[in-house]
>>> print(open('protein_16.cif').read())   # mmCIF, C-alpha atoms and all ligand atoms
data_start
#
loop_
_atom_site.label_atom_id
_atom_site.label_comp_id
_atom_site.auth_asym_id
_atom_site.auth_seq_id
_atom_site.Cartn_x
_atom_site.Cartn_y
_atom_site.Cartn_z
CA MET A 16 73.31 -48.61 37.60
CA GLU A 17 70.48 -49.14 35.20
CA GLN A 18 70.08 -46.38 32.66
CA ALA A 19 66.66 -44.73 32.79
CA PRO A 20 64.76 -45.46 29.58
CA HIS A 21 63.94 -42.47 27.47
CA SER A 22 61.73 -43.54 24.62
CA ILE A 23 58.06 -44.13 24.96
CA ASP A 24 58.41 -47.66 23.55
CA GLU A 25 61.07 -48.55 26.13
CA LEU A 26 58.85 -47.27 28.92
CA LYS A 27 55.81 -49.07 27.58
CA ALA A 28 57.70 -52.35 27.17
CA ARG A 29 58.66 -52.27 30.86
CA ILE A 30 55.07 -52.12 32.04
CA ASP A 31 53.82 -55.44 33.43
CA THR A 32 50.56 -55.82 31.50
CA ALA A 33 49.20 -58.18 34.15
CA ARG A 34 49.43 -55.49 36.85
CA VAL A 35 48.18 -52.38 35.13
CA PRO A 36 45.92 -50.30 37.42
CA GLN A 37 42.30 -50.75 36.42
CA HIS A 38 41.44 -47.20 37.38
CA VAL A 39 43.71 -44.16 37.09
CA ALA A 40 42.54 -40.76 38.36
CA ILE A 41 44.27 -37.50 37.43
CA ILE A 42 44.16 -34.04 38.95
CA MET A 43 45.02 -32.02 35.85
CA ASP A 44 46.75 -28.96 37.28
CA GLY A 45 49.06 -26.20 36.07
CA ASN A 46 47.30 -24.78 33.01
CA GLY A 47 47.42 -21.23 34.37
CA ARG A 48 51.12 -21.40 35.21
CA TRP A 49 51.88 -22.94 31.81
CA ALA A 50 50.08 -20.03 30.12
CA LYS A 51 51.96 -17.50 32.22
CA GLN A 52 55.28 -19.09 31.30
CA HIS A 53 54.32 -18.78 27.63
CA GLY A 54 53.10 -15.20 27.98
CA GLU A 55 49.54 -16.24 27.18
CA HIS A 56 46.14 -15.85 28.81
CA ARG A 57 45.10 -18.56 31.26
CA ILE A 58 42.52 -19.89 28.82
CA VAL A 59 45.31 -20.70 26.32
CA GLY A 60 46.70 -22.98 29.03
CA HIS A 61 43.33 -24.71 29.35
CA MET A 62 43.07 -25.07 25.57
CA SER A 63 46.57 -26.52 25.41
CA GLY A 64 45.59 -29.05 28.05
CA VAL A 65 43.14 -30.72 25.68
CA ARG A 66 46.03 -32.43 23.88
CA SER A 67 47.20 -33.82 27.21
CA VAL A 68 43.75 -35.27 27.83
CA ARG A 69 44.03 -37.06 24.49
CA GLU A 70 47.52 -38.33 25.40
CA ALA A 71 46.41 -39.57 28.81
CA LEU A 72 43.36 -41.29 27.32
CA THR A 73 45.10 -43.05 24.44
CA GLY A 74 48.07 -43.91 26.64
CA ALA A 75 45.80 -45.42 29.28
CA SER A 76 43.73 -47.27 26.71
CA GLU A 77 46.82 -48.75 25.02
CA ILE A 78 48.09 -50.38 28.21
CA GLY A 79 44.67 -51.70 29.25
CA VAL A 80 43.51 -49.22 31.90
CA ARG A 81 39.72 -49.66 32.16
CA TYR A 82 38.77 -46.39 33.89
CA LEU A 83 40.34 -42.97 33.54
CA THR A 84 38.86 -40.24 35.75
CA LEU A 85 39.89 -36.64 35.17
CA TYR A 86 39.30 -33.75 37.55
CA ALA A 87 38.26 -31.06 35.09
CA PHE A 88 36.33 -28.54 37.20
CA SER A 89 35.88 -28.50 40.97
CA THR A 90 33.05 -27.10 43.06
CA GLU A 91 35.60 -24.53 44.27
CA ASN A 92 36.51 -23.55 40.69
CA TRP A 93 33.15 -21.71 40.46
CA ASN A 94 34.89 -19.04 42.55
CA ARG A 95 37.29 -18.16 39.72
CA PRO A 96 36.75 -14.99 37.67
CA ARG A 97 33.52 -15.24 35.66
CA THR A 98 35.32 -14.90 32.32
CA GLU A 99 37.55 -17.89 33.10
CA VAL A 100 34.60 -20.01 34.22
CA GLU A 101 32.68 -19.16 31.05
CA ALA A 102 35.70 -19.88 28.86
CA LEU A 103 36.15 -23.26 30.58
CA MET A 104 32.50 -24.17 30.00
CA ASP A 105 32.77 -23.15 26.33
CA LEU A 106 35.96 -25.17 25.99
CA LEU A 107 34.25 -28.20 27.48
CA VAL A 108 31.42 -28.01 24.94
CA LYS A 109 33.80 -27.45 22.02
CA THR A 110 36.08 -30.30 23.09
CA VAL A 111 33.24 -32.80 23.49
CA VAL A 112 31.80 -31.80 20.10
CA ASP A 113 35.22 -32.00 18.39
CA GLU A 114 36.27 -35.29 19.99
CA ILE A 115 33.09 -37.33 20.18
CA ASP A 116 33.52 -39.16 16.84
CA GLU A 117 37.06 -40.17 17.70
CA LEU A 118 36.04 -41.26 21.21
CA HIS A 119 33.23 -43.36 19.80
CA LYS A 120 35.50 -44.88 17.14
CA ASN A 121 37.94 -45.93 19.85
CA SER A 122 35.18 -47.48 21.93
CA VAL A 123 35.55 -44.95 24.74
CA ARG A 124 32.59 -44.69 27.06
CA LEU A 125 32.14 -41.12 28.24
CA ASN A 126 30.85 -40.50 31.75
CA ALA A 127 30.58 -37.48 34.03
CA ILE A 128 30.40 -37.10 37.81
CA GLY A 129 29.56 -34.02 39.85
CA ASP A 130 26.75 -31.54 40.24
CA LEU A 131 25.91 -31.63 36.54
CA ASP A 132 22.68 -29.69 37.13
CA SER A 133 24.80 -26.67 37.96
CA LEU A 134 26.42 -26.64 34.50
CA PRO A 135 25.09 -24.30 31.81
CA GLU A 136 22.27 -25.83 29.78
CA ASN A 137 24.29 -26.24 26.54
CA CYS A 138 27.09 -28.01 28.44
CA ARG A 139 24.68 -30.39 30.05
CA ARG A 140 22.98 -31.16 26.75
CA THR A 141 26.23 -31.73 24.84
CA LEU A 142 27.56 -33.90 27.62
CA ASN A 143 24.38 -35.95 27.97
CA ASP A 144 24.20 -36.54 24.21
CA ALA A 145 27.82 -37.71 24.13
CA ILE A 146 27.29 -39.93 27.18
CA ALA A 147 24.21 -41.52 25.62
CA ARG A 148 25.96 -42.06 22.29
CA THR A 149 28.93 -43.84 23.84
CA ALA A 150 26.97 -45.75 26.51
CA THR A 151 27.63 -49.23 25.12
CA ASN A 152 31.35 -48.70 24.40
CA ASP A 153 33.54 -50.87 26.57
CA ARG A 154 37.24 -50.37 25.92
CA ILE A 155 37.75 -47.66 28.53
CA THR A 156 35.46 -45.42 30.59
CA LEU A 157 36.51 -41.78 30.57
CA THR A 158 34.91 -39.98 33.50
CA LEU A 159 35.04 -36.20 33.67
CA ALA A 160 34.62 -34.75 37.15
CA LEU A 161 32.71 -31.50 36.58
CA SER A 162 31.45 -29.22 39.28
CA TYR A 163 32.65 -32.05 41.47
CA SER A 164 34.01 -32.15 44.96
CA ALA A 165 34.28 -35.11 47.30
CA ARG A 166 32.56 -33.32 50.18
CA TRP A 167 29.65 -32.41 47.90
CA GLU A 168 29.47 -36.08 46.87
CA ILE A 169 29.59 -37.33 50.46
CA GLU A 170 26.95 -34.81 51.57
CA ARG A 171 24.71 -36.03 48.73
CA MET A 172 25.35 -39.66 49.66
CA VAL A 173 24.38 -39.08 53.30
CA ARG A 174 21.18 -37.33 52.20
CA MET A 175 20.26 -40.23 49.90
CA VAL A 176 20.98 -42.81 52.59
CA ALA A 177 18.97 -40.83 55.16
CA ASP A 178 16.02 -40.62 52.76
CA GLU A 179 16.10 -44.37 52.19
CA VAL A 180 16.23 -45.02 55.93
CA ARG A 181 13.31 -42.67 56.55
CA SER A 182 11.19 -44.31 53.87
CA GLY A 183 11.97 -47.77 55.28
CA LYS A 184 13.86 -48.89 52.18
CA LEU A 185 17.17 -49.22 54.03
CA ASP A 186 17.85 -50.68 57.45
CA PRO A 187 20.45 -48.52 59.26
CA ALA A 188 22.10 -51.74 60.47
CA ALA A 189 22.74 -52.67 56.84
CA ILE A 190 24.79 -49.54 56.09
CA ASN A 191 28.32 -50.63 55.26
CA GLU A 192 31.20 -49.69 52.96
CA ALA A 193 29.53 -51.30 49.97
CA SER A 194 26.20 -49.53 50.45
CA ILE A 195 27.98 -46.21 50.96
CA ALA A 196 30.03 -46.70 47.77
CA ASP A 197 26.76 -47.54 46.03
CA HIS A 198 25.46 -44.04 46.76
CA LEU A 199 28.53 -42.23 45.45
CA CYS A 200 28.84 -40.85 41.90
CA THR A 201 31.40 -43.56 41.13
CA ARG A 202 28.92 -46.37 41.83
CA GLY A 203 29.96 -49.53 40.01
CA MET A 204 33.54 -48.41 39.35
CA PRO A 205 36.56 -49.91 41.08
CA ASP A 206 38.46 -47.47 43.30
CA PRO A 207 41.45 -45.79 41.62
CA GLU A 208 44.66 -47.65 42.38
CA LEU A 209 46.73 -44.73 41.09
CA LEU A 210 46.17 -41.00 41.52
CA ILE A 211 48.32 -38.58 39.54
CA ARG A 212 48.61 -34.84 40.13
CA THR A 213 50.57 -32.56 37.82
CA SER A 214 52.11 -29.11 38.45
CA GLY A 215 54.03 -29.93 41.62
CA GLU A 216 51.16 -29.32 44.05
CA GLN A 217 50.91 -32.10 46.59
CA ARG A 218 47.31 -31.96 47.73
CA ILE A 219 44.02 -33.64 46.92
CA SER A 220 41.84 -30.51 46.52
CA ASN A 221 38.60 -32.28 47.41
CA PHE A 222 38.89 -35.08 44.82
CA LEU A 223 37.49 -38.60 45.38
CA LEU A 224 38.22 -38.62 49.12
CA TRP A 225 36.37 -41.86 49.82
CA GLN A 226 37.63 -43.68 46.72
CA ILE A 227 41.36 -42.94 47.14
CA ALA A 228 41.58 -44.49 50.60
CA TYR A 229 44.25 -46.90 49.33
CA ALA A 230 45.34 -45.28 46.06
CA GLU A 231 49.04 -44.85 45.32
CA LEU A 232 49.78 -41.15 44.85
CA TRP A 233 52.13 -39.90 42.14
CA PHE A 234 53.10 -36.25 41.90
CA THR A 235 55.01 -34.64 39.04
CA PRO A 236 56.22 -31.07 38.52
CA VAL A 237 55.15 -31.32 34.85
CA LEU A 238 52.41 -28.78 34.08
CA TRP A 239 49.27 -30.33 32.62
CA PRO A 240 49.64 -28.94 29.07
CA ASP A 241 53.09 -30.63 28.90
CA PHE A 242 51.75 -34.01 30.10
CA ARG A 243 52.35 -36.82 27.58
CA LYS A 244 51.96 -40.59 27.42
CA GLU A 245 55.53 -40.95 28.72
CA HIS A 246 54.51 -39.33 31.99
CA LEU A 247 51.58 -41.69 32.37
CA TYR A 248 53.84 -44.67 31.72
CA GLU A 249 56.40 -43.38 34.23
CA ALA A 250 53.63 -43.14 36.81
CA VAL A 251 52.39 -46.67 36.07
CA LEU A 252 55.94 -48.06 36.30
CA ASP A 253 56.45 -46.32 39.61
CA TYR A 254 53.11 -47.73 40.80
CA GLN A 255 54.20 -51.23 39.79
CA ASN A 256 57.37 -50.89 41.86
CA ARG A 257 55.50 -50.13 45.04
CA GLU A 258 54.49 -52.67 47.61
CA ARG A 259 50.80 -52.32 48.38
CA ARG A 260 50.46 -53.83 51.82
CA PHE A 261 46.91 -52.84 52.82
CA GLY A 262 47.86 -52.91 56.48
CA MET A 263 49.63 -56.25 56.34
CA ILE A 264 53.36 -56.99 56.44
CA SER A 265 55.52 -57.87 53.44
CA GLU A 266 55.78 -61.55 54.36
CA GLN A 267 52.02 -61.96 54.16
CA LEU A 268 51.87 -60.79 50.56
CA PRO A 269 51.99 -63.14 47.58
CA ALA A 270 55.51 -63.37 46.14
CA ARG A 271 56.02 -61.38 42.96
C1 LIG B 301 43.95 -26.78 36.15
O1 LIG B 301 44.85 -25.76 35.92
C2 LIG B 301 42.64 -26.59 35.44
C3 LIG B 301 41.50 -26.29 36.31
C4 LIG B 301 41.54 -26.26 37.61
C5 LIG B 301 40.25 -26.00 35.67
P1 LIG B 301 44.80 -24.41 36.77
O2 LIG B 301 43.91 -23.44 36.06
O3 LIG B 301 44.46 -24.67 38.16
O4 LIG B 301 46.32 -23.94 36.65
P2 LIG B 301 47.19 -23.21 37.75
O5 LIG B 301 47.12 -24.03 39.00
O6 LIG B 301 46.60 -21.84 37.94
O7 LIG B 301 48.57 -23.17 37.18
C1 LIG B 302 42.01 -28.80 41.38
O1 LIG B 302 42.88 -27.83 40.87
C2 LIG B 302 40.79 -28.88 40.52
C3 LIG B 302 41.01 -29.35 39.16
C4 LIG B 302 42.13 -29.83 38.68
C5 LIG B 302 39.87 -29.30 38.32
P1 LIG B 302 42.93 -26.37 41.50
O2 LIG B 302 44.04 -25.66 40.83
O3 LIG B 302 41.60 -25.73 41.43
O4 LIG B 302 43.28 -26.70 43.00
P2 LIG B 302 43.81 -25.77 44.19
O5 LIG B 302 42.80 -24.70 44.37
O6 LIG B 302 45.12 -25.21 43.76
O7 LIG B 302 43.93 -26.69 45.34
MG MG B 303 45.57 -25.07 39.80
#
>>> encode(input="protein_16.cif", output="structure tokens", more="lines below")
Ligand code: IPE
Ligand code: IPE
Ligand code: MG
Amino acid sequence: MEQAPHSIDELKARIDTARVPQHVAIIMDGNGRWAKQHGEHRIVGHMSGVRSVREALTGASEIGVRYLTLYAFSTENWNRPRTEVEALMDLLVKTVVDEIDELHKNSVRLNAIGDLDSLPENCRRTLNDAIARTATNDRITLTLALSYSARWEIERMVRMVADEVRSGKLDPAAINEASIADHLCTRGMPDPELLIRTSGEQRISNFLLWQIAYAELWFTPVLWPDFRKEHLYEAVLDYQNRERRFGMISEQLPAR
């Protein structure tokens, strides 16, 4: 039996560069449990997760992923204790401020999806400045989902479509998958081919419901603050070993 590779270089070398997913989405979960295991406050778990964001981003960029979308704060996360929500917002501002030069240097384009108007004013400003500064970068697009949920996004899409129909700009008969996708926050991005969730939970928690219709799902028990490039590469290798049939049968697919 083939020995599982251990080193990051071995893992990376096994990735077929011609079949790297264009878009990887990650539900970063397990910060609270990681903190508990280390006898720390939950916020220490969130702070420790920043390194994992860096690992996921550089790892993705190195193998040629074009879009990395991270679920950072859900609509439902507003229901957490106020102190945790405030600490998360402060951490977001601090992280963007600390990392922006490095992101820009590495040609990362920063993007955000979600109900950004609901974020505190300083968050919105910091985020918008960073987004504007990196707008022409083209190596990889890093999208942070903030105050995001898929049902919020779909509700907003339906409202926009309805408005356009009412004003005569859109013919109801012309509504199709493409025009729907065009009214989602991810407009212009390819759908994620690979969705990763850490911490052992096997649910979607209201993330990108429309866009993941045909994504391959990869779950790991690793808690987000322990997530490293190796885990991303394991996920990509697993993805590359799957047969994506899109409703067809194996024999109809091009030979690999
Ligand atoms: C993910 O970690 C971060 C956010 C949802 C903001 P959690 O904070 O959900 O960690 P657990 O699930 O409590 O371990
Ligand atoms: C999902 O994680 C949201 C983010 C990762 C930002 P949660 O930890 O909030 O999800 P549930 O509540 O356990 O489903
Ligand atoms: Mg959680």
>>> residues_near_ligand(input="protein_16.cif", ligand="ligand LIG 302 (chain B)", cutoff="9 Å", atoms="all atoms listed in the file", output="MDAnalysis selection string")
chainID A and resid 41:47 85:92 95 160:164 212:213 216:222
>>> residues_around(input="protein_16.cif", residues="segment 129-143 of chain A", least_positions_apart="2", cutoff="8 Å", atoms="only C-alpha atoms", output="PyMOL selection string")
chain A and resi 104-105+107-108+111-112+127+145-147+160-164+168+200
>>> atom_distance(input="protein_16.cif", atom1="atom CA of Glu170 of chain A", atom2="atom CA of Glu192 of chain A")
15.5 Å
>>> atom_distance(input="protein_16.cif", atom1="atom CA of Leu232 of chain A", atom2="atom CA of Leu209 of chain A")
6.0 Å
>>> atom_distance(input="protein_16.cif", atom1="atom CA of Ser214 of chain A", atom2="atom MG of ligand MG 303 (chain B)")
7.8 Å
>>> decode(input="protein_16.cif", residues="segment 131-166 of chain A", atoms="C-alpha atoms", output="short mmCIF file (atom, residue, chain, number, x, y, z; two decimals), in the first residue's frame")
data_model
loop_
_atom_site.label_atom_id
_atom_site.label_comp_id
_atom_site.auth_asym_id
_atom_site.auth_seq_id
_atom_site.Cartn_x
_atom_site.Cartn_y
_atom_site.Cartn_z
CA LEU A 131 -21.55 45.23 5.12
CA ASP A 132 -23.81 48.15 6.11
CA SER A 133 -24.47 46.35 9.38
CA LEU A 134 -20.78 46.39 10.36
CA PRO A 135 -19.48 49.08 12.72
CA GLU A 136 -18.39 52.24 10.91
CA ASN A 137 -14.63 51.76 11.53
CA CYS A 138 -14.80 48.19 10.19
CA ARG A 139 -16.57 49.29 7.07
CA ARG A 140 -14.10 52.10 6.48
CA THR A 141 -11.00 49.94 7.02
CA LEU A 142 -12.43 47.24 4.80
CA ASN A 143 -13.46 49.62 2.02
CA ASP A 144 -10.04 51.30 2.03
CA ALA A 145 -8.28 47.94 1.78
CA ILE A 146 -10.65 46.77 -0.97
CA ALA A 147 -10.05 49.95 -2.96
CA ARG A 148 -6.28 49.73 -2.52
CA THR A 149 -6.08 46.16 -3.78
CA ALA A 150 -8.73 46.47 -6.50
CA THR A 151 -6.38 45.96 -9.45
CA ASN A 152 -4.44 43.04 -7.94
CA ASP A 153 -4.98 39.83 -9.85
CA ARG A 154 -3.10 36.88 -8.38
CA ILE A 155 -5.90 35.72 -6.09
CA THR A 156 -9.16 37.21 -4.83
CA LEU A 157 -9.65 36.82 -1.09
CA THR A 158 -13.31 37.26 -0.22
CA LEU A 159 -14.35 37.64 3.40
CA ALA A 160 -17.97 36.74 4.12
CA LEU A 161 -18.99 39.17 6.86
CA SER A 162 -22.44 39.48 8.30
CA TYR A 163 -23.23 37.05 5.52
CA SER A 164 -25.78 34.32 5.18
CA ALA A 165 -27.02 32.64 2.03
CA ARG A 166 -30.69 33.21 2.86
#
